[in-house]
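**Q** Can you keep this structure in mind? I'll have questions shortly.
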Protein chains: 2
Amino acid sequence: MPQLDKSSRLYKLRHSCSHALAQAVLQMFPEAKLGFGPPIEHGFYYDFDLPRTLIPEDLAILEEKMRAIFKEKQTFVRRDEPVQKAIEFLKKAGQPYKIDLVEGWMKDGAKTVSFYENVDASGKAKFVDLCEGNHVENLGEIKVFKLLHTAGAYWRGSEKNPMLQRIYGTCFENKKELDEYLHQIEEAKKRDHRKLGKELKLFAFSDYVGPGLPLWLPNGTVLVEELEKLAKETERKAGYLQVRTPHIAKEIMYKTSGHLPYYAGSMFPPMVMEEEDGRKETYYLRAMNCPHHHQIYASEPRSYRDLPLRLAEYGTVYRYEKSGELFGLMRVRMLSMNDAHIYCTEEQFESEFRAVNDMYLNYFKLFDFTKYVMRFSTHDPKELGKKYMDNAELWIKTEDMVRKVLVASKINFVEIPNEAAFYGPKIDVQVWSSIGREFTIATNQVDFAVPPRFGLVYNDKDGKEKTPLVIHRAPLGTHERFIGFLIEHYGGAFPLWLAPVQIRILPVSDLYLEYAHTIEEILQGEGYRVEVDDSAEGLGKKIRNAELMKIPYMVVVGEKEQAAQTINVRDYATKKQEVLKVKEFLGKLK
Amino acid sequence: MPQLDKSSRLYKLRHSCSHALAQAVLQMFPEAKLGFGPPIEHGFYYDFDLPRTLIPEDLAILEEKMRAIFKEKQTFVRRDEPVQKAIEFLKKAGQPYKIDLVEGWMKDGAKTVSFYENVDASGKAKFVDLCEGNHVENLGEIKVFKLLHTAGAYWRGSEKNPMLQRIYGTCFENKKELDEYLHQIEEAKKRDHRKLGKELKLFAFSDYVGPGLPLWLPNGTVLVEELEKLAKETERKAGYLQVRTPHIAKEIMYKTSGHLPYYAGSMFPPMVMEEEDGRKETYYLRAMNCPHHHQIYASEPRSYRDLPLRLAEYGTVYRYEKSGELFGLMRVRMLSMNDAHIYCTEEQFESEFRAVNDMYLNYFKLFDFTKYVMRFSTHDPKELGKKYMDNAELWIKTEDMVRKVLVASKINFVEIPNEAAFYGPKIDVQVWSSIGREFTIATNQVDFAVPPRFGLVYNDKDGKEKTPLVIHRAPLGTHERFIGFLIEHYGGAFPLWLAPVQIRILPVSDLYLEYAHTIEEILQGEGYRVEVDDSAEGLGKKIRNAELMKIPYMVVVGEKEQAAQTINVRDYATKKQEVLKVKEFLGKLK
């Protein structure tokens, strides 16, 4: 998540606004204890320990109080205090959480701390807060703000601490920006993938199966399988070979790859199998596909003539995430991805990497992603042999090639030093949905560390054994997350090719059911996903139901249509209606 | 595996032949200790403890001795002995394994045992064996036999006992049958799915991944994906809905389904996860797909209008098999299947079951299975409430419906009483490969026990909640086993639609590489799986390599073809060659 620049106007506005919020809360509840109150990406929040639970109406009252405070044009006055004196002051003020903060800093060696006091035009102190600074000159500068909602939050994020009440708010430089943001929130609520997932019957969770483990319902399975078809077709044209590998492997696999023991906390727990001879064998659910693909690479001797070898799999991996951090399709424990590993020589690397990038760009176009950025993480030469694999030459060479491709392909990228993976430079792809929310969807990595661990080699032209470079890539990321993103991006109204049901036929009454099924058969025969609404509902209700399901085309058939052998087509996107021959409709669909 | 009828001529011949083998072995090694020597499905074997390891040449010598024995026309004379006297006799004869047998029977309460003595025409005793009988009148009746090979075998099948040497042989009523059988063995060796799997680069195993866990190489993945495509297309037309579900679930799932604890030995060991609040949650890799599908059924309220609901998934399950029993693709620990569950009312059951059967028959036709049998296992009324779920009416009703459909569809079936599953009648499908070997490939079951355990219901017309019947079906079985079977069935020469590589283009030399790639692009554009042999080999070697890979069409291009814009097509199956325009070839392919 991008952070606000501390010296920015927006940071200062929001930071100041949170002070005003705390001041207003103290007016309403003088016994309130204050927690954290920072600016955040889209606004600010402040945590409070209050004598009662806030209700939504409280926010309007607090906003009123804040407006009154802003009118006073209070300024900020800084005061530095030795830590002991600060603690005494906070004790008197009855602010135990702030004392906890100061004691924490003391442990880290702090000798003094700073307070900021709000002073009104008459010089009267109105509010003081433990704070490191960066505010507006005076609170009168805040013109555009809004308190949004409340939520529970443990002090310092730990369940062992008391639960405080967090008030979220936001603040912008002008009303247009605030309105845009509020609109985005409203849209995001309507487009929430969990809400739409239920309404459109895309996926479900089950207490029998477990948290973070989505079950794809028939409608959602269409999305998964259309994406899979798209990915496989794209990869077929790009010279990839599909493989399929088990979802489990022996412990030795992950010890060799280096994932165990370091990565054990992110893996599912081991399965200890007792073989019939009493020997114990430990198996793991895989958390990544690469080691399995390396086994396929190693299944026969490879020569330079076999490279590049591009192995692709719609593979599933399992990762342990804390149950409290699971979130719909966005944070899950089972991740299915159109993964691939490209084994190539150093000479082939640049063109392979370029092809991968082109594939990304084509996907962006197909899905209407108009805003994206690639975060190119590179190594730091000082950390070679520590944070990074010790091969200075290969780091520089591959990073140069990656950079060259990014520039030549006019890709929007930022370079982030000292954030590469241990085994090579990497690229994280961030895209923005149609309502402007940002998601990280894919990762693209170079790997020159793991192939030698598995002894992967090829016989080069000169007869010498060499180690291939490996590019890891998954341009659609995991299909769980990607579909979650697409649900918001399209607001559930998927483009025709992706829509779970493409056409719903609505007979005006049961009299036209037979005609409806005739039309259904024709459209189905052409490969479309069609259904007939044979419910006992009236036409009005049938139309509303189809609209709720955001089905691209409704086809209404009644007496007129049957007599004229036509259909009445309603387009969900344009809301236009037209009477067509079936053949004409088919032409339109293509 | 079907067993020989004990009163059959073949049983008597083979049983007698194994006595003759033991007699011959004792002539060769008087110190030999005898183990078991039974007739089996395709012949017989006898286990021996010998002073040295047998070599293949020994079998010819033993056959010679057996022929001499047959000439003596020895008869079988039965002799019953009290167990104690039998043991004394065997001690004197130095036959410890036979003593072990008698002692075993004693424990089971036997008072006497029987011996059979071979006596020649002069009345002289030549050989005696502990035996329960069923032989030919005299050994002269054996005309057609052959010793096949040797193998190691633990006494009583336990690794704790000594390893004996097993001699396999066979015996038929006439030479034609023996020759057919020997041909089948030879063919089966050539068509061995493990041998062809390696040669055709279909699948591999890895010590890092584990035994019984095949990795599908690119060629094998084509087979899997073509079968998957076929199954999904077949199911789409038959009104199935595809779903996708996780490969794991919480313990409660399998306790509710009734699989735990009884089935635990066949499941992978549990994964015990510690959640962040310290609570422990146990997960299992699934051993069956049904409970997951039941969760999808339960994900929304169902009405009679929703039925039949046919949920299909290309799902993967994991089962523990002893590592010693794993065998190529035939016995694995990971099983992927085109599984489906049909939820229906009692009224719908018959037509649904008929449709399932029709699907089976269509698959048989498609894959050229000319011989099959369905084994219909029914309940025994005496075992209701014990071995079988206690619902007499439903058992009779569903079995009657199943029987009616089998008869009406003129399906070749046998009814096997008292072998149903606990929860309903079942059908096992057995097919014979093109070389006459038998495989069980699929199971089809009725289930009226598990749906109520998960509380699955639908709202019927009369407003009452009722429990649906469930049909479990997987007509292609597991794709591991099915592909193993197809490899033998087709001898690796897959039909065009299934072939991993459909067309290989062989340029006579590098001069025609460009023309070869032009042809490749045209054929690829039409959706065919094509590759160009751009190796440095001569044409002869290229042709041999393509034949070894059993590629349906070779396309040779050289000077003549390039000049005339034609191709020289060689058909693997017919070995015919013809010069064609690409367009003509495409017409032929369709």
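Starting from 1 in every chain, residues are counted up; chains themselves are A, B, ... following the order of the structure tokens, and ligands are numbered from 1 as listed.
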Hey, list the chain B side of the contact with chain A: 7 Å cut-off, only C-alpha atoms, answer as a PyMOL selection string.
**A** chain B and resi 204+206+208-210+213+215-218+221+241-246+248-250+252-253+269-273+275-276+295-296+299+322-323
**Q** Tell me, counting only C-alpha atoms, for each residue of segment 61-84 of chain A within 12 Å of segment 164-175 of chain A, which pair of atoms is nearest and how far apart they are in Å to one decimal, in rows ordered by chain and increasing number, as CSV.
**A**
```
residue,atom,partner,partner_atom,distance
A:Leu62,CA,A:Ile167,CA,10.4
A:Glu63,CA,A:Gly169,CA,9.8
A:Met66,CA,A:Gly169,CA,11.8
```
**Q** Using only C-alpha atoms, which of A:Pro452, A:Met374, A:Lys410, A:His379 sits nearest Val429 of chain A?
**A**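 Smallest separation from Val429 of chain A among the options: A:Met374.
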**Q** From a DSSP pass on the backbone, collect the residues of segment 38-165 of chain B flagged as helix (DSSP H, G or I) and hand them back as a ChimeraX atom specification.
**A** /B:56-71,83-93,96-107,139-141,155-157
**Q** I'd like the contact shell of Thr378 of chain B - 7 Å cut-off, only C-alpha atoms, skipping same-chain residues fewer than 4 positions apart - returned as a ChimeraX atom specification.
**A** /B:399,416-420,425
**Q** How would the residues just picked look written out with N, CA, C and O atoms as a PDB file, in the first residue's frame?
**A**
```pdb
ATOM      1  N   GLU B 399     -32.978 -50.870  -6.544  1.00  0.00           N
ATOM      2  CA  GLU B 399     -32.411 -52.030  -7.254  1.00  0.00           C
ATOM      3  C   GLU B 399     -33.306 -52.439  -8.419  1.00  0.00           C
ATOM      4  O   GLU B 399     -32.811 -52.791  -9.502  1.00  0.00           O
ATOM      5  N   ILE B 416     -24.627 -59.469  -8.601  1.00  0.00           N
ATOM      6  CA  ILE B 416     -23.867 -60.101  -7.535  1.00  0.00           C
ATOM      7  C   ILE B 416     -24.528 -59.766  -6.204  1.00  0.00           C
ATOM      8  O   ILE B 416     -24.442 -58.636  -5.727  1.00  0.00           O
ATOM      9  N   PRO B 417     -25.220 -60.758  -5.616  1.00  0.00           N
ATOM     10  CA  PRO B 417     -25.948 -60.466  -4.383  1.00  0.00           C
ATOM     11  C   PRO B 417     -25.003 -60.208  -3.230  1.00  0.00           C
ATOM     12  O   PRO B 417     -23.875 -60.711  -3.201  1.00  0.00           O
ATOM     13  N   ASN B 418     -25.468 -59.380  -2.301  1.00  0.00           N
ATOM     14  CA  ASN B 418     -24.760 -59.162  -1.037  1.00  0.00           C
ATOM     15  C   ASN B 418     -23.366 -58.554  -1.216  1.00  0.00           C
ATOM     16  O   ASN B 418     -22.470 -58.817  -0.433  1.00  0.00           O
ATOM     17  N   GLU B 419     -23.193 -57.732  -2.238  1.00  0.00           N
ATOM     18  CA  GLU B 419     -21.901 -57.023  -2.388  1.00  0.00           C
ATOM     19  C   GLU B 419     -22.096 -55.531  -2.609  1.00  0.00           C
ATOM     20  O   GLU B 419     -21.198 -54.837  -3.086  1.00  0.00           O
ATOM     21  N   ALA B 420     -23.285 -55.021  -2.303  1.00  0.00           N
ATOM     22  CA  ALA B 420     -23.547 -53.583  -2.472  1.00  0.00           C
ATOM     23  C   ALA B 420     -22.698 -52.789  -1.488  1.00  0.00           C
ATOM     24  O   ALA B 420     -22.066 -53.358  -0.587  1.00  0.00           O
ATOM     25  N   PRO B 425     -27.011 -49.723  -3.786  1.00  0.00           N
ATOM     26  CA  PRO B 425     -26.501 -50.639  -4.799  1.00  0.00           C
ATOM     27  C   PRO B 425     -25.403 -49.979  -5.634  1.00  0.00           C
ATOM     28  O   PRO B 425     -25.368 -48.766  -5.768  1.00  0.00           O
TER      29      PRO B 425
END
```
**Q** Quick one: pull the distance between atom CA of Ala20 of chain A and atom CA of Gly37 of chain A, Å, one decimal.
**A** 10.5 Å
**Q** With only C-alpha atoms as the counted atoms, please give the residues lying no more than 7 Å from Tyr314 of chain B, apart from itself and same-chain residues fewer than 5 positions off, as a PDB file with N, CA and C atoms, in the first residue's frame.
**A**
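Generated output (part-v9.pdb):
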```
ATOM      1  N   SER B 336      -7.196 -38.575 -10.031  1.00  0.00           N
ATOM      2  CA  SER B 336      -7.978 -37.472 -10.590  1.00  0.00           C
ATOM      3  C   SER B 336      -9.095 -38.076 -11.411  1.00  0.00           C
ATOM      4  N   MET B 337     -10.293 -37.593 -11.193  1.00  0.00           N
ATOM      5  CA  MET B 337     -11.390 -38.225 -11.919  1.00  0.00           C
ATOM      6  C   MET B 337     -12.434 -37.230 -12.376  1.00  0.00           C
ATOM      7  N   ASN B 338     -13.087 -37.587 -13.481  1.00  0.00           N
ATOM      8  CA  ASN B 338     -14.222 -36.778 -13.912  1.00  0.00           C
ATOM      9  C   ASN B 338     -15.419 -37.313 -13.154  1.00  0.00           C
ATOM     10  N   ASP B 339     -15.536 -36.796 -11.957  1.00  0.00           N
ATOM     11  CA  ASP B 339     -16.526 -37.260 -11.000  1.00  0.00           C
ATOM     12  C   ASP B 339     -17.787 -36.412 -11.153  1.00  0.00           C
TER      13      ASP B 339
END
```
**Q** To one decimal in Å, tell me the separation between atom CA of Lys590 of chain A and atom CA of Glu235 of chain A.
**A** 23.6 Å
**Q** Could you name the residues that touch Asn444 of chain A at 10 Å or less, counting only C-alpha atoms, but leaving out those on the same chain fewer than 4 positions away, as an MDAnalysis selection string?
**A** chainID A and resid 353 356:357 374 376 425:429 471:475 477
**Q** Excluding Lys404 of chain A and residues on its chain fewer than 6 positions from it, collect all residues at most 10 Å away from it, counting only C-alpha atoms, and give them as a list in words.
**A**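 These residues fall inside the cut-off: Glu350, Arg354, Thr398 and Lys410 of chain A.
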**Q** Restrict the selected residues to N, CA, C and O atoms and save them as an mmCIF file, in the first residue's frame.
**A**
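This is the output file out.cif:
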```
data_model
loop_
_atom_site.group_PDB
_atom_site.id
_atom_site.type_symbol
_atom_site.label_atom_id
_atom_site.label_comp_id
_atom_site.auth_asym_id
_atom_site.auth_seq_id
_atom_site.Cartn_x
_atom_site.Cartn_y
_atom_site.Cartn_z
ATOM 1 N N GLU A 350 16.763 -12.269 -22.483
ATOM 2 C CA GLU A 350 16.160 -10.971 -22.808
ATOM 3 C C GLU A 350 14.898 -11.135 -23.654
ATOM 4 O O GLU A 350 13.861 -10.537 -23.356
ATOM 5 N N ARG A 354 11.069 -10.334 -22.567
ATOM 6 C CA ARG A 354 10.276 -9.397 -23.356
ATOM 7 C C ARG A 354 8.922 -10.028 -23.710
ATOM 8 O O ARG A 354 7.870 -9.386 -23.612
ATOM 9 N N THR A 398 21.289 -9.587 -15.371
ATOM 10 C CA THR A 398 19.832 -9.796 -15.503
ATOM 11 C C THR A 398 19.073 -8.501 -15.216
ATOM 12 O O THR A 398 18.111 -8.191 -15.912
ATOM 13 N N LYS A 410 8.297 0.483 -23.247
ATOM 14 C CA LYS A 410 7.579 1.660 -22.721
ATOM 15 C C LYS A 410 6.622 1.282 -21.604
ATOM 16 O O LYS A 410 5.462 1.724 -21.558
#
```
**Q** Quick one: distance from atom CA of Ala151 of chain B to atom CA of Gly492 of chain B in Å, one decimal?
**A**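 Interatomic distance here is 27.4 Å.
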**Q** For Ser114 of chain A, find every residue with an atom within 9 Å (counting only C-alpha atoms), except residues of its own chain fewer than 4 positions away, and show them as JSON, numbers by chain.
**A** {"A": [78, 79, 80, 81, 82, 86, 129, 130, 131, 132, 133]}
**Q** For all heavy atoms, I'd like the residues from the last selection saved as a PDB file, in the first residue's frame.
**A**
```
ATOM      1  N   ARG A  78       4.548  23.386  19.577  1.00  0.00           N
ATOM      2  CA  ARG A  78       5.332  22.217  19.979  1.00  0.00           C
ATOM      3  C   ARG A  78       6.014  22.442  21.322  1.00  0.00           C
ATOM      4  O   ARG A  78       6.454  23.549  21.623  1.00  0.00           O
ATOM      5  CB  ARG A  78       6.405  21.946  18.915  1.00  0.00           C
ATOM      6  CG  ARG A  78       7.256  20.733  19.250  1.00  0.00           C
ATOM      7  CD  ARG A  78       8.303  20.477  18.177  1.00  0.00           C
ATOM      8  NE  ARG A  78       9.179  19.386  18.588  1.00  0.00           N
ATOM      9  CZ  ARG A  78       9.369  18.287  17.884  1.00  0.00           C
ATOM     10  NH1 ARG A  78       8.758  18.115  16.726  1.00  0.00           N
ATOM     11  NH2 ARG A  78      10.199  17.358  18.337  1.00  0.00           N
ATOM     12  N   ARG A  79       6.100  21.373  22.098  1.00  0.00           N
ATOM     13  CA  ARG A  79       6.757  21.429  23.403  1.00  0.00           C
ATOM     14  C   ARG A  79       7.531  20.124  23.575  1.00  0.00           C
ATOM     15  O   ARG A  79       6.941  19.047  23.430  1.00  0.00           O
ATOM     16  CB  ARG A  79       5.658  21.520  24.450  1.00  0.00           C
ATOM     17  CG  ARG A  79       6.110  21.767  25.862  1.00  0.00           C
ATOM     18  CD  ARG A  79       4.881  21.991  26.736  1.00  0.00           C
ATOM     19  NE  ARG A  79       4.393  20.737  27.288  1.00  0.00           N
ATOM     20  CZ  ARG A  79       3.107  20.461  27.530  1.00  0.00           C
ATOM     21  NH1 ARG A  79       2.151  21.334  27.213  1.00  0.00           N
ATOM     22  NH2 ARG A  79       2.767  19.318  28.065  1.00  0.00           N
ATOM     23  N   ASP A  80       8.852  20.200  23.815  1.00  0.00           N
ATOM     24  CA  ASP A  80       9.628  18.983  24.055  1.00  0.00           C
ATOM     25  C   ASP A  80       9.791  18.772  25.553  1.00  0.00           C
ATOM     26  O   ASP A  80      10.059  19.716  26.290  1.00  0.00           O
ATOM     27  CB  ASP A  80      11.013  19.083  23.389  1.00  0.00           C
ATOM     28  CG  ASP A  80      10.903  18.884  21.878  1.00  0.00           C
ATOM     29  OD1 ASP A  80       9.750  18.934  21.366  1.00  0.00           O
ATOM     30  OD2 ASP A  80      11.940  18.676  21.231  1.00  0.00           O
ATOM     31  N   GLU A  81       9.639  17.558  26.003  1.00  0.00           N
ATOM     32  CA  GLU A  81       9.717  17.268  27.443  1.00  0.00           C
ATOM     33  C   GLU A  81      10.617  16.055  27.662  1.00  0.00           C
ATOM     34  O   GLU A  81      10.596  15.122  26.861  1.00  0.00           O
ATOM     35  CB  GLU A  81       8.324  16.897  27.993  1.00  0.00           C
ATOM     36  CG  GLU A  81       7.257  17.938  27.817  1.00  0.00           C
ATOM     37  CD  GLU A  81       7.241  18.945  28.968  1.00  0.00           C
ATOM     38  OE1 GLU A  81       8.190  18.918  29.801  1.00  0.00           O
ATOM     39  OE2 GLU A  81       6.310  19.751  29.022  1.00  0.00           O
ATOM     40  N   PRO A  82      11.371  16.037  28.777  1.00  0.00           N
ATOM     41  CA  PRO A  82      12.090  14.807  29.132  1.00  0.00           C
ATOM     42  C   PRO A  82      11.056  13.705  29.383  1.00  0.00           C
ATOM     43  O   PRO A  82       9.941  14.006  29.849  1.00  0.00           O
ATOM     44  CB  PRO A  82      12.827  15.171  30.431  1.00  0.00           C
ATOM     45  CG  PRO A  82      12.726  16.651  30.549  1.00  0.00           C
ATOM     46  CD  PRO A  82      11.548  17.098  29.778  1.00  0.00           C
ATOM     47  N   ALA A  86       7.194  13.844  30.945  1.00  0.00           N
ATOM     48  CA  ALA A  86       6.075  13.548  30.040  1.00  0.00           C
ATOM     49  C   ALA A  86       5.144  12.515  30.669  1.00  0.00           C
ATOM     50  O   ALA A  86       3.919  12.658  30.638  1.00  0.00           O
ATOM     51  CB  ALA A  86       6.594  13.043  28.698  1.00  0.00           C
ATOM     52  N   ASP A 129      -1.572  16.841  22.590  1.00  0.00           N
ATOM     53  CA  ASP A 129      -1.406  15.421  22.239  1.00  0.00           C
ATOM     54  C   ASP A 129       0.071  15.102  22.063  1.00  0.00           C
ATOM     55  O   ASP A 129       0.844  15.925  21.568  1.00  0.00           O
ATOM     56  CB  ASP A 129      -2.176  15.108  20.941  1.00  0.00           C
ATOM     57  CG  ASP A 129      -2.492  13.619  20.834  1.00  0.00           C
ATOM     58  OD1 ASP A 129      -2.017  12.838  21.673  1.00  0.00           O
ATOM     59  OD2 ASP A 129      -3.243  13.249  19.902  1.00  0.00           O
ATOM     60  N   LEU A 130       0.432  13.925  22.516  1.00  0.00           N
ATOM     61  CA  LEU A 130       1.779  13.383  22.289  1.00  0.00           C
ATOM     62  C   LEU A 130       1.906  13.194  20.781  1.00  0.00           C
ATOM     63  O   LEU A 130       1.060  12.516  20.175  1.00  0.00           O
ATOM     64  CB  LEU A 130       1.850  12.027  23.000  1.00  0.00           C
ATOM     65  CG  LEU A 130       3.181  11.310  23.054  1.00  0.00           C
ATOM     66  CD1 LEU A 130       4.143  12.052  23.985  1.00  0.00           C
ATOM     67  CD2 LEU A 130       2.963   9.889  23.553  1.00  0.00           C
ATOM     68  N   CYS A 131       2.926  13.810  20.170  1.00  0.00           N
ATOM     69  CA  CYS A 131       2.914  13.806  18.697  1.00  0.00           C
ATOM     70  C   CYS A 131       4.265  14.177  18.138  1.00  0.00           C
ATOM     71  O   CYS A 131       5.012  14.941  18.757  1.00  0.00           O
ATOM     72  CB  CYS A 131       1.846  14.796  18.224  1.00  0.00           C
ATOM     73  SG  CYS A 131       1.776  14.967  16.440  1.00  0.00           S
ATOM     74  N   GLU A 132       4.607  13.638  16.960  1.00  0.00           N
ATOM     75  CA  GLU A 132       5.912  13.938  16.354  1.00  0.00           C
ATOM     76  C   GLU A 132       5.851  15.051  15.311  1.00  0.00           C
ATOM     77  O   GLU A 132       6.875  15.416  14.750  1.00  0.00           O
ATOM     78  CB  GLU A 132       6.494  12.680  15.731  1.00  0.00           C
ATOM     79  CG  GLU A 132       6.917  11.672  16.784  1.00  0.00           C
ATOM     80  CD  GLU A 132       7.660  10.505  16.159  1.00  0.00           C
ATOM     81  OE1 GLU A 132       7.122   9.913  15.212  1.00  0.00           O
ATOM     82  OE2 GLU A 132       8.776  10.224  16.608  1.00  0.00           O
ATOM     83  N   GLY A 133       4.649  15.556  15.041  1.00  0.00           N
ATOM     84  CA  GLY A 133       4.576  16.728  14.171  1.00  0.00           C
ATOM     85  C   GLY A 133       4.122  16.505  12.753  1.00  0.00           C
ATOM     86  O   GLY A 133       3.644  15.413  12.415  1.00  0.00           O
TER      87      GLY A 133
END
```
**Q** Which of these residues is nearest to Val332 of chain B, using only C-alpha atoms: B:Thr478, B:Ser303, B:Asn161, B:Ser7?
**A**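 When distances to Val332 of chain B are compared using only C-alpha atoms, the smallest one comes from B:Thr478.
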